[in-house]
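Coordinates as given in structure23.txt (compact mmCIF, C-alpha atoms):
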# COMPACT_ATOMS: atom_id res chain seq x y z
CA MET K 1 -11.31 5.51 19.34
CA ALA K 2 -12.71 7.22 16.23
CA VAL K 3 -12.02 5.73 12.80
CA TRP K 4 -9.82 8.74 11.97
CA ASP K 5 -7.24 8.02 14.68
CA ASP K 6 -4.97 6.13 12.26
CA LEU K 7 -4.72 9.09 9.85
CA VAL K 8 -1.33 10.42 10.88
CA GLY K 9 -0.69 14.08 10.05
CA GLN K 10 -3.72 14.36 7.73
CA ALA K 11 -5.87 16.91 9.57
CA ARG K 12 -7.16 18.60 6.40
CA VAL K 13 -8.14 15.32 4.76
CA GLU K 14 -9.76 14.11 7.98
CA GLU K 15 -11.85 17.28 8.16
CA GLN K 16 -13.12 16.86 4.59
CA LEU K 17 -13.95 13.19 5.02
CA ALA K 18 -15.69 13.76 8.33
CA ALA K 19 -17.87 16.47 6.75
CA ALA K 20 -18.74 14.19 3.83
CA ALA K 21 -19.59 11.33 6.23
CA ARG K 22 -21.96 13.60 8.16
CA ASP K 23 -23.72 14.64 4.95
CA ALA K 24 -23.87 11.01 3.77
CA ASP K 25 -25.43 10.01 7.08
CA ALA K 26 -28.01 12.81 6.80
CA LEU K 27 -28.84 11.70 3.25
CA VAL K 28 -29.45 8.06 4.21
CA THR K 29 -31.40 9.05 7.32
CA ALA K 30 -33.63 11.37 5.28
CA GLN K 31 -34.28 8.67 2.67
CA ALA K 32 -35.13 6.11 5.36
CA GLY K 33 -37.60 8.51 6.95
CA GLY K 34 -39.19 9.51 3.68
CA GLY K 35 -38.02 13.11 4.07
CA PRO K 36 -36.31 15.35 1.52
CA ALA K 37 -32.60 14.95 0.87
CA PRO K 38 -30.28 17.77 2.05
CA GLU K 39 -29.99 20.50 -0.57
CA ALA K 40 -26.21 20.88 -0.32
CA SER K 41 -23.90 17.97 0.38
CA LYS K 42 -20.17 17.38 0.58
CA MET K 43 -20.79 13.73 -0.24
CA THR K 44 -20.13 12.39 -3.73
CA HIS K 45 -20.18 8.97 -5.38
CA ALA K 46 -16.45 8.69 -6.27
CA TRP K 47 -13.27 9.69 -4.46
CA LEU K 48 -9.60 9.59 -5.47
CA PHE K 49 -7.01 9.35 -2.68
CA THR K 50 -3.44 10.18 -3.75
CA GLY K 51 -0.17 10.66 -1.93
CA PRO K 52 3.36 9.27 -1.58
CA PRO K 53 4.01 5.75 -0.26
CA GLY K 54 3.31 5.58 3.46
CA ALA K 55 0.98 8.56 3.51
CA GLY K 56 -1.93 6.27 4.34
CA ARG K 57 -4.08 6.41 1.21
CA VAL K 58 -5.77 3.07 1.86
CA ASP K 59 -6.06 3.76 5.60
CA ALA K 60 -7.89 7.02 4.84
CA ALA K 61 -10.20 5.30 2.36
CA ARG K 62 -10.97 2.48 4.79
CA ALA K 63 -11.64 4.93 7.63
CA PHE K 64 -14.06 6.80 5.36
CA ALA K 65 -15.77 3.51 4.43
CA ALA K 66 -16.18 2.77 8.14
CA ALA K 67 -17.66 6.20 8.81
CA LEU K 68 -20.15 5.67 5.98
CA GLN K 69 -21.26 2.38 7.55
CA CYS K 70 -21.38 3.70 11.13
CA VAL K 71 -24.55 2.65 13.00
CA SER K 72 -23.73 4.13 16.39
CA PRO K 73 -26.86 5.34 18.22
CA ASP K 74 -24.88 8.46 19.23
CA ARG K 75 -25.50 9.83 15.71
CA ALA K 76 -29.13 10.53 16.64
CA LEU K 77 -27.89 12.60 19.58
CA GLY K 78 -25.62 14.75 17.43
CA GLY K 79 -22.57 12.50 17.42
CA ALA K 80 -20.43 12.30 14.30
CA PRO K 81 -20.41 9.07 12.25
CA GLY K 82 -17.22 7.06 12.56
CA CYS K 83 -17.26 6.10 16.24
CA GLY K 84 -14.90 3.17 15.68
CA PHE K 85 -16.77 0.88 18.10
CA CYS K 86 -20.09 -0.08 16.46
CA THR K 87 -20.54 -3.14 14.28
CA GLY K 88 -20.52 -1.08 11.08
CA CYS K 89 -17.25 0.67 11.90
CA HIS K 90 -15.50 -2.41 13.26
CA THR K 91 -16.34 -4.77 10.40
CA ALA K 92 -15.44 -2.14 7.78
CA LEU K 93 -12.06 -1.52 9.40
CA VAL K 94 -11.14 -5.21 9.68
CA GLY K 95 -12.40 -6.02 6.17
CA THR K 96 -15.40 -8.24 6.96
CA HIS K 97 -18.29 -5.87 6.20
CA ALA K 98 -20.59 -7.35 3.56
CA ASP K 99 -21.01 -3.99 1.82
CA VAL K 100 -17.35 -2.94 1.75
CA THR K 101 -15.42 -4.62 -1.07
CA THR K 102 -11.65 -4.15 -1.35
CA ILE K 103 -9.82 -4.82 -4.62
CA ALA K 104 -6.02 -4.96 -4.76
CA ALA K 105 -3.62 -6.10 -7.46
CA VAL K 106 -2.77 -9.78 -7.16
CA GLY K 107 0.01 -9.52 -9.73
CA THR K 108 1.41 -6.46 -11.44
CA GLN K 109 -2.05 -5.48 -12.77
CA ILE K 110 -5.70 -5.54 -11.76
CA LEU K 111 -7.23 -7.66 -14.50
CA ALA K 112 -10.72 -7.30 -15.93
CA ASP K 113 -11.60 -10.75 -14.55
CA ASP K 114 -10.70 -9.52 -11.07
CA MET K 115 -13.03 -6.51 -11.45
CA ARG K 116 -16.00 -8.09 -13.23
CA GLU K 117 -17.86 -9.37 -10.15
CA THR K 118 -17.05 -6.22 -8.18
CA VAL K 119 -18.41 -3.93 -10.90
CA ARG K 120 -21.56 -6.05 -11.01
CA LYS K 121 -21.90 -5.74 -7.24
CA SER K 122 -21.51 -1.96 -7.42
CA PHE K 123 -24.86 -1.70 -9.18
CA THR K 124 -26.73 -3.44 -6.35
CA SER K 125 -28.20 -1.93 -3.22
CA PRO K 126 -26.41 -2.42 0.13
CA ALA K 127 -27.18 -5.80 1.68
CA ASN K 128 -27.29 -4.65 5.30
CA GLY K 129 -25.14 -1.53 5.47
CA ARG K 130 -25.90 2.09 4.67
CA TRP K 131 -23.74 2.28 1.53
CA GLN K 132 -22.24 -0.08 -1.03
CA VAL K 133 -18.52 0.82 -0.86
CA ILE K 134 -15.93 -0.31 -3.44
CA LEU K 135 -12.33 0.37 -2.38
CA VAL K 136 -9.68 -0.04 -5.11
CA ALA K 137 -6.35 -0.10 -3.27
CA ASP K 138 -4.10 -0.07 -6.37
CA ALA K 139 -5.98 2.04 -8.90
CA GLU K 140 -2.72 2.77 -10.72
CA ARG K 141 -2.54 -0.95 -11.59
CA LEU K 142 -5.83 -1.07 -13.48
CA ASN K 143 -5.14 -2.24 -17.02
CA GLU K 144 -7.06 -0.91 -20.02
CA LYS K 145 -9.98 -3.35 -19.77
CA SER K 146 -10.41 -3.17 -16.01
CA ALA K 147 -10.10 0.64 -16.06
CA ASN K 148 -12.84 0.85 -18.68
CA ALA K 149 -15.07 -1.34 -16.52
CA VAL K 150 -14.52 0.99 -13.56
CA LEU K 151 -15.19 4.01 -15.76
CA LYS K 152 -18.61 2.69 -16.77
CA ALA K 153 -19.48 2.05 -13.13
CA VAL K 154 -18.31 5.50 -12.01
CA GLU K 155 -20.16 7.22 -14.85
CA GLU K 156 -23.53 5.76 -13.90
CA PRO K 157 -23.32 4.64 -10.26
CA ALA K 158 -26.16 3.20 -8.21
CA PRO K 159 -27.71 5.76 -5.82
CA ARG K 160 -26.07 4.30 -2.70
CA THR K 161 -22.72 3.17 -4.15
CA VAL K 162 -19.41 4.90 -3.39
CA TRP K 163 -16.12 4.26 -5.21
CA LEU K 164 -12.87 4.92 -3.30
CA LEU K 165 -9.80 4.81 -5.58
CA CYS K 166 -6.24 4.95 -4.21
CA ALA K 167 -3.18 5.80 -6.34
CA PRO K 168 0.20 7.55 -5.90
CA SER K 169 -0.84 10.51 -8.08
CA VAL K 170 -3.70 11.72 -10.29
CA GLU K 171 -1.56 11.03 -13.36
CA ASP K 172 -1.68 7.31 -12.52
CA VAL K 173 -5.44 7.23 -13.15
CA LEU K 174 -7.26 7.63 -16.46
CA PRO K 175 -8.33 11.27 -17.02
CA THR K 176 -11.87 10.10 -17.70
CA ILE K 177 -11.99 8.40 -14.30
CA ARG K 178 -10.28 11.08 -12.21
CA SER K 179 -12.48 13.79 -13.71
CA ARG K 180 -15.46 12.06 -12.09
CA CYS K 181 -13.83 11.78 -8.65
CA ARG K 182 -13.35 14.19 -5.77
CA HIS K 183 -9.59 14.35 -5.23
CA LEU K 184 -7.89 14.24 -1.82
CA ASN K 185 -4.09 14.45 -1.64
CA LEU K 186 -2.35 13.11 1.45
CA ARG K 187 1.11 14.19 2.58
CA THR K 188 3.98 12.26 4.09
CA PRO K 189 3.37 12.13 7.85
CA PRO K 190 5.94 13.83 10.12
CA VAL K 191 8.42 11.42 11.72
CA GLU K 192 7.38 12.49 15.22
CA ALA K 193 3.71 11.82 14.47
CA VAL K 194 4.50 8.30 13.20
CA ALA K 195 6.61 7.56 16.28
CA ASP K 196 3.80 8.79 18.52
CA LEU K 197 1.33 6.47 16.77
CA LEU K 198 3.62 3.44 17.24
CA ILE K 199 4.02 4.25 20.93
CA ARG K 200 0.35 5.02 21.57
CA ARG K 201 -1.37 2.32 19.54
CA ASP K 202 1.16 -0.50 19.22
CA GLY K 203 2.86 -0.18 22.60
CA ILE K 204 6.35 0.09 21.10
CA ASP K 205 9.02 1.59 23.32
CA PRO K 206 9.89 5.22 22.43
CA GLU K 207 13.49 4.58 21.33
CA THR K 208 12.53 1.80 18.91
CA ALA K 209 9.52 3.76 17.64
CA HIS K 210 11.55 6.89 16.88
CA ALA K 211 14.32 4.87 15.20
CA ALA K 212 11.81 3.02 12.99
CA ALA K 213 9.92 6.20 12.07
CA ARG K 214 13.16 7.99 11.21
CA ALA K 215 14.53 5.08 9.17
CA THR K 216 11.35 4.83 7.07
CA GLN K 217 10.93 8.62 6.75
CA GLY K 218 7.31 8.70 7.86
CA HIS K 219 6.04 5.53 6.15
CA VAL K 220 3.56 4.27 8.76
CA ASP K 221 3.22 0.61 7.68
CA ARG K 222 6.95 0.14 7.10
CA ALA K 223 7.77 1.81 10.40
CA ARG K 224 5.42 -0.56 12.23
CA ARG K 225 6.89 -3.58 10.50
CA LEU K 226 10.46 -2.46 11.14
CA ALA K 227 9.69 -1.93 14.82
CA THR K 228 7.95 -5.27 15.30
CA ASP K 229 9.43 -7.72 12.76
CA GLU K 230 12.90 -9.11 13.27
CA ARG K 231 13.03 -10.30 9.64
CA ALA K 232 12.41 -6.76 8.40
CA ARG K 233 15.28 -5.44 10.51
CA ALA K 234 17.60 -8.20 9.29
CA ARG K 235 16.71 -7.51 5.64
CA ARG K 236 17.32 -3.78 6.09
CA ALA K 237 20.72 -4.51 7.66
CA VAL K 238 21.70 -6.54 4.57
CA VAL K 239 20.62 -3.71 2.26
CA LEU K 240 22.58 -1.06 4.18
CA LYS K 241 25.76 -3.14 3.92
CA LEU K 242 25.49 -3.28 0.13
CA PRO K 243 27.25 0.08 -0.60
CA VAL K 244 30.49 -1.17 0.96
CA ARG K 245 30.33 -4.56 -0.78
CA VAL K 246 30.43 -3.36 -4.38
CA ALA K 247 34.12 -2.52 -4.53
CA ASP K 248 34.85 -5.29 -7.05
CA ILE K 249 32.93 -7.18 -9.72
CA GLY K 250 32.65 -10.35 -7.65
CA GLY K 251 31.21 -8.39 -4.75
CA CYS K 252 28.66 -6.76 -7.06
CA PHE K 253 27.33 -10.07 -8.34
CA LYS K 254 27.31 -11.66 -4.89
CA ALA K 255 25.47 -8.70 -3.33
CA ALA K 256 22.90 -8.73 -6.16
CA GLN K 257 22.25 -12.46 -5.74
CA GLU K 258 21.80 -12.11 -1.97
CA LEU K 259 19.40 -9.20 -2.39
CA VAL K 260 17.23 -11.11 -4.87
CA ASP K 261 17.36 -14.28 -2.75
CA ALA K 262 16.26 -12.32 0.33
CA ALA K 263 13.28 -10.91 -1.58
CA ALA K 264 12.36 -14.38 -2.85
CA GLU K 265 12.56 -15.81 0.67
CA ASP K 266 10.38 -13.00 1.98
CA ALA K 267 7.80 -13.72 -0.72
CA LYS K 268 7.93 -17.44 0.10
CA GLN K 269 7.27 -16.81 3.78
CA VAL K 270 4.30 -14.59 2.98
CA ALA K 271 2.96 -17.20 0.55
CA GLU K 272 3.24 -19.99 3.11
CA GLU K 273 1.12 -17.97 5.51
CA VAL K 274 -1.61 -17.17 2.96
CA ASP K 275 -1.64 -19.81 0.21
CA ALA K 276 -2.20 -22.86 2.42
CA LYS K 277 -5.19 -21.22 4.12
CA GLU K 278 -6.69 -20.16 0.78
CA THR K 279 -6.27 -23.63 -0.69
CA GLU K 280 -7.88 -25.36 2.28
CA GLU K 281 -10.78 -22.92 2.30
CA LEU K 282 -11.44 -23.47 -1.41
CA LYS K 283 -11.23 -27.25 -1.02
CA ALA K 284 -13.74 -27.11 1.82
CA ALA K 285 -16.05 -24.85 -0.20
CA LEU K 286 -15.89 -27.25 -3.16
CA GLY K 287 -16.65 -30.24 -0.96
CA ALA K 288 -13.35 -32.08 -1.00
CA VAL K 289 -13.72 -35.55 0.49
CA GLN K 290 -11.54 -36.95 3.23
CA GLY K 291 -8.10 -37.77 1.89
CA GLY K 292 -7.88 -34.69 -0.29
CA ARG K 293 -9.73 -36.00 -3.34
CA MET K 294 -11.56 -33.23 -5.20
CA PRO K 295 -15.03 -33.58 -6.77
CA ARG K 296 -15.17 -33.82 -10.53
CA GLY K 297 -15.23 -30.56 -12.44
CA THR K 298 -13.32 -28.56 -9.82
CA ALA K 299 -9.80 -28.89 -11.23
CA GLY K 300 -10.20 -25.67 -13.20
CA MET K 301 -11.00 -23.67 -10.07
CA MET K 302 -7.99 -25.09 -8.24
CA LYS K 303 -5.76 -24.26 -11.20
CA GLU K 304 -7.14 -20.72 -11.28
CA LEU K 305 -6.27 -20.31 -7.58
CA GLU K 306 -2.74 -21.60 -8.20
CA GLU K 307 -2.25 -19.07 -11.01
CA LYS K 308 -3.51 -16.29 -8.76
CA GLN K 309 -1.08 -17.34 -6.02
CA LYS K 310 1.82 -17.38 -8.47
CA ARG K 311 1.00 -13.84 -9.62
CA ARG K 312 0.76 -12.70 -6.03
CA GLY K 313 4.09 -14.38 -5.19
CA ARG K 314 5.85 -12.47 -7.96
CA ARG K 315 4.21 -9.25 -6.87
CA THR K 316 5.32 -9.87 -3.27
CA GLN K 317 8.89 -10.49 -4.42
CA LEU K 318 8.90 -7.27 -6.45
CA ASP K 319 7.41 -5.36 -3.51
CA SER K 320 10.12 -6.72 -1.22
CA LEU K 321 12.79 -5.68 -3.72
CA ASP K 322 11.19 -2.25 -3.99
CA LEU K 323 11.41 -1.81 -0.21
CA ALA K 324 15.09 -2.73 -0.35
CA LEU K 325 15.71 -0.20 -3.12
CA THR K 326 13.86 2.45 -1.12
CA ASP K 327 16.17 1.79 1.83
CA LEU K 328 19.16 2.01 -0.50
CA THR K 329 17.94 5.35 -1.90
CA GLY K 330 17.59 6.62 1.66
CA PHE K 331 21.17 5.57 2.41
CA TYR K 332 22.57 7.58 -0.52
CA ARG K 333 20.31 10.49 0.43
CA ASP K 334 22.08 10.50 3.80
CA VAL K 335 25.46 10.37 2.05
CA LEU K 336 24.50 13.39 -0.04
CA THR K 337 23.26 15.20 3.07
CA LEU K 338 26.70 14.91 4.67
CA GLN K 339 28.55 15.79 1.47
CA LEU K 340 26.55 18.99 1.02
CA GLY K 341 26.68 19.94 4.69
CA ALA K 342 22.89 20.01 5.00
CA ARG K 343 21.29 20.14 8.43
CA THR K 344 18.64 17.55 7.58
CA PRO K 345 18.63 14.70 10.15
CA LEU K 346 19.94 11.37 8.84
CA ALA K 347 17.35 8.67 8.23
CA ASN K 348 19.92 5.94 8.91
CA GLU K 349 21.47 7.27 12.08
CA ASP K 350 22.18 3.71 13.25
CA VAL K 351 24.75 3.27 10.43
CA ARG K 352 26.21 6.79 10.54
CA ASP K 353 29.78 5.42 10.48
CA THR K 354 29.16 3.70 7.13
CA VAL K 355 27.40 6.76 5.73
CA GLU K 356 30.31 9.00 6.76
CA ARG K 357 32.87 6.61 5.25
CA ILE K 358 31.08 6.54 1.88
CA ALA K 359 30.60 10.33 1.99
CA ARG K 360 34.32 10.92 2.53
CA GLY K 361 35.35 8.55 -0.24
CA THR K 362 33.27 9.97 -3.07
CA THR K 363 31.77 13.16 -4.48
CA PRO K 364 28.19 14.51 -4.61
CA GLU K 365 28.17 13.96 -8.38
CA ARG K 366 28.97 10.26 -7.97
CA THR K 367 26.36 9.95 -5.23
CA LEU K 368 23.71 11.38 -7.53
CA ARG K 369 24.71 8.90 -10.23
CA ARG K 370 24.31 6.09 -7.72
CA VAL K 371 20.84 7.32 -6.77
CA GLU K 372 19.96 7.35 -10.46
CA ALA K 373 21.23 3.76 -10.75
CA VAL K 374 18.86 2.68 -7.98
CA LEU K 375 15.94 4.50 -9.62
CA ALA K 376 16.84 2.92 -12.98
CA CYS K 377 16.65 -0.51 -11.32
CA ARG K 378 13.15 0.27 -10.03
CA ARG K 379 12.06 1.32 -13.51
CA ALA K 380 13.50 -1.87 -14.99
CA LEU K 381 11.56 -3.99 -12.49
CA ASP K 382 8.38 -2.12 -13.43
CA ARG K 383 9.05 -3.10 -17.07
CA ASN K 384 9.26 -6.78 -16.05
CA VAL K 385 13.03 -7.11 -16.45
CA ALA K 386 14.27 -10.24 -14.68
CA PRO K 387 14.99 -9.21 -11.05
CA LEU K 388 18.51 -10.63 -10.94
CA LEU K 389 19.54 -8.90 -14.19
CA ALA K 390 18.11 -5.57 -13.03
CA VAL K 391 19.81 -5.75 -9.63
CA GLU K 392 23.14 -6.87 -11.12
CA ALA K 393 23.09 -3.89 -13.49
CA MET K 394 22.44 -1.65 -10.49
CA THR K 395 25.23 -3.02 -8.34
CA MET K 396 27.71 -2.67 -11.21
CA ALA K 397 26.63 0.95 -11.62
CA LEU K 398 27.06 1.55 -7.88
CA ARG K 399 30.69 0.45 -8.24
CA ASP K 400 31.50 3.39 -10.58

With the file now loaded, output its structure as structure tokens.
Amino acid sequence: MAVWDDLVGQARVEEQLAAAARDADALVTAQAGGGPAPEASKMTHAWLFTGPPGAGRVDAARAFAAALQCVSPDRALGGAPGCGFCTGCHTALVGTHADVTTIAAVGTQILADDMRETVRKSFTSPANGRWQVILVADAERLNEKSANAVLKAVEEPAPRTVWLLCAPSVEDVLPTIRSRCRHLNLRTPPVEAVADLLIRRDGIDPETAHAAARATQGHVDRARRLATDERARARRAVVLKLPVRVADIGGCFKAAQELVDAAAEDAKQVAEEVDAKETEELKAALGAVQGGRMPRGTAGMMKELEEKQKRRGRRTQLDSLDLALTDLTGFYRDVLTLQLGARTPLANEDVRDTVERIARGTTPERTLRRVEAVLACRRALDRNVAPLLAVEAMTMALRD
């Protein structure tokens, strides 16, 4: 299985990355043998991956990182880098390769402190791989200081360092950074292609796979989670009942509270899975004695970890709320589809009765206002408005 197999519906991007990986392999091979570097190369030191949510920006970047680290012997026989089986490919894909560093936002921003060690590492030679790869999964969340640190590293990179930045659009990245990157734009994968991936790779039955792909409108990660996670299906069911529960003020406030509570519970479950492991690993690394007592001088490091976990917990809650609002937007899109008599398939076919009831009881103009209310709630959350206040304002607007 080649590293590109997870790039759903991205044939053009795959072709460009594969060509760059071949040129990168030829460059490293020539340097190792003392020969001249290729005169023309599709490889460059910085890449910017953009595209809508679910398009697979990070998956594409990680696949490219794996291809750059490929050590398959088939390359010497004319095989393309990115076999998917060798040690270089496997460790890069699962996130354990020593020369592939992934940075993602812990809270709402990537702070300069989070980037400092990574930027320093970017100026070093690969430890045992072919390239030093820095993958920034949330480049749109770089704040001013961390973005400036990245800019300096991208301006004067080490000879064998590659920066892979992922963001929703080019406008989300500083002009001075994006001007130094080769830009690749990914598209939303077709629903059929996502369903085929779930069936082929995850072993999901065809009916469930098609329903999940349709409900998430081509978002690969969300489709997989919806098809495999009972909690995700239960949370979606709660969200899709919300439009019929906002008929009165009491219903609006109750629905808002339940939505926020569900997001908080989701964040808590994620935290329980990750935080305890992180804490134990840090205690072991710091030499905690039996009984849990910590050595002197380590309290600051434990406090720093706790702060990081709190920021990540808030981010997880906001991400969970954002998924719920995306589902709600999709519901009203279906309502509008029926009201306008469009032939577009419904994303929420499993709740067609509810969609039809709402469509009959309102007008397209009111539906558009409700969509705007959901989008306004998302903007408010981005501006750090308290989640409950933002969601309550939305549910009251949905009542109009």

(message) Using all atoms listed in the file for the distances, tell me which of K:Ala104, K:Ile177, K:Val170, K:Ala26 is nearest to Arg141 (chain K).
(response)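 Distance minimum relative to Arg141 (chain K) lands on K:Ala104.
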
(message) When you count only C-alpha atoms, which of these residues is closest to Pro190 (chain K): K:Leu7, K:Ala234, K:Ala67, K:Leu318?
(response) K:Leu7

(message) To one decimal place in Å, what is the distance between CA of Phe49 (chain K) and CA of Lys121 (chain K)?
(response) 21.7 Å

(message) With all atoms listed in the file as the counted atoms, please give the residues lying no more than 6 Å from Trp131 (chain K), apart from itself and same-chain residues fewer than 3 positions off, as number ranges by chain.
(response) K: 126, 160-161

(message) Measuring between only C-alpha atoms, which one of K:Asp113, K:Arg222, K:Thr228, K:Gly361 shows the shortest distance to Asp205 (chain K)?
(response) K:Thr228

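You will find CA of Phe123 (chain K) at 17.6 Å from CA of Gln69 (chain K).
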
(message) My list of candidates is K:Lys42, K:Arg12, K:Arg378, K:Lys145. Which is closest to Ala324 (chain K) when distances are computed with all atoms listed in the file?
(response)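 Using all atoms listed in the file, Ala324 (chain K) sits closest to K:Arg378.
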
(request) Could you give me, as a PyMOL selection string, the residues within 12 Å of Thr326 (chain K), counting all atoms listed in the file and dropping anything in the same chain fewer than 3 positions from it? (result) chain K and resi 53-54+215-217+219+222+236+239-240+319-323+329-333+347+371+374-375+377-378

(request) Identify which of the residues K:Pro243, K:Gly218, K:Pro157, K:Gly9 lies closest to Ile358 (chain K), counting all atoms listed in the file when measuring atom-to-atom distances. (result) K:Pro243

(request) Identify which of the residues K:Val246, K:Glu278, K:Asp138, K:Thr362 lies closest to Glu392 (chain K), counting only C-alpha atoms when measuring atom-to-atom distances. (result)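 Nearest candidate to Glu392 (chain K) out of K:Val246, K:Glu278, K:Asp138, K:Thr362: K:Val246.
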
(request) With a distance cut-off of 12 Å and only C-alpha atoms, select the neighbouring residues of region 379-387 of chain K, excluding the residue or stretch itself and same-chain residues fewer than 4 positions from it, and output the selection as JSON, numbers by chain. (result) {"K": [107, 108, 109, 141, 256, 257, 258, 259, 260, 261, 262, 263, 264, 314, 315, 317, 318, 319, 320, 321, 322, 325, 372, 373, 374, 375, 391, 392, 393, 394]}
